[in-house]
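Enquirer: Okay, here's the structure, questions in a sec.
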Amino acid sequence: MKNFKIGSIIIVLLLLPCGAFADYLIKDGDSPPATKTVKAGSVGGNILPESQLTDPSGVPLLVSSKSVPINLSAATTTEIIAAVNGSSILVTSWDVIDGAAETFQLVYGTGVNCSAGQQPLTGPYPLIAQAGLAKGNGSGVILRVPTSNALCAIKSQAAQSSGSMSYIQGAF
């Protein structure tokens, strides 16, 4: 058996006479971390490239399957991606541009607008007017929201914040 690690993905190969049999595993980030099988199948003599890894339903694992707009104007905590019981949120890219100087932070939690058990996902980014930031390109996990939590944003000023977020949501 051979193990190959690609980021937080581990590929386990069992060498068989007809080729390799691959299990795609992802570490779930819980404490203590657990490793879960994502897909298994015969791949002949080749290892699938990262872009072809899929979840059990066939959705690409390292490529976003969903996206949402970021369209916020209140100085408050606002839900961006709703919690799904038993599912984690894997953010693959996000960007935001601000209409005024303020701080912008991503958090997770439960309850209305992450009001219960709120935890930081990023630090508070100090943004200036008509400037922003972008993270990720949609082909790899950059942030992970633990199982059964929503993803929210906290803004410090009542100014327009616009952008988008690409993500995968599932039982990882």
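In the structure tokens, the first chain shown is A, the next is B, and so on; residue numbers restart at 1 for each chain, and ligands run from 1 in the order shown.
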Please provide the set of residues having any atom within 8 Å of Ser148 of chain A, restricted to only C-alpha atoms, with same-chain residues fewer than 6 positions apart removed, written as a PyMOL selection string.
Expert: chain A and resi 83-88+110
Enquirer: Just write the chosen residues, C-alpha atoms, as a PDB file, in the first residue's frame.
Expert:
ATOM      1  CA  ALA A  83     -25.950  25.710   7.892  1.00  0.00           C
ATOM      2  CA  VAL A  84     -27.054  22.268   6.739  1.00  0.00           C
ATOM      3  CA  ASN A  85     -27.310  19.718   9.532  1.00  0.00           C
ATOM      4  CA  GLY A  86     -24.475  17.167   9.197  1.00  0.00           C
ATOM      5  CA  SER A  87     -22.685  19.152   6.449  1.00  0.00           C
ATOM      6  CA  SER A  88     -19.499  21.210   6.422  1.00  0.00           C
ATOM      7  CA  THR A 110     -25.274  28.440  14.690  1.00  0.00           C
TER       8      THR A 110
END
Enquirer: Based on DSSP run over this structure's backbone, return all residues of segment 52-126 of chain A in strand (DSSP E or B), as a ChimeraX atom specification.
Expert: /A:54,60,66-72,77-81,88-98,102-110,116-120,125-126
Enquirer: Distance atom CA of Thr77 of chain A-atom CA of Ser139 of chain A, one decimal place?
Expert: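 Taking atom CA of Thr77 of chain A as the start and atom CA of Ser139 of chain A as the end point, the length is 27.5 Å.
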Enquirer: Pick out the closest residue to Val141 of chain A from this set: A:Ile168, A:Ala116, A:Ala100, A:Ala74. Count only C-alpha atoms.
Expert: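 Result for the nearest residue to Val141 of chain A: A:Ile168.
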Enquirer: Env of Ile70 of chain A: 6 Å cut, atoms = only C-alpha atoms, seq-sep filter 2 positions within chain, self excluded. Answer as JSON, numbers by chain.
Expert: {"A": [162, 163, 164]}
Enquirer: Quick one: residues within 12 Å of Gln160 of chain A, only C-alpha atoms counted, chain neighbours fewer than 4 positions away excluded, as a PyMOL selection string?
Expert: chain A and resi 70-75+96-102+104+127-132+155-156
Enquirer: Here is a test: counting only C-alpha atoms, which residue of A:Cys114, A:Val107, A:Ile154, A:Met165 is nearest to Ala134 of chain A?
Expert: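 With only C-alpha atoms as the atom set, the closest residue is A:Met165.
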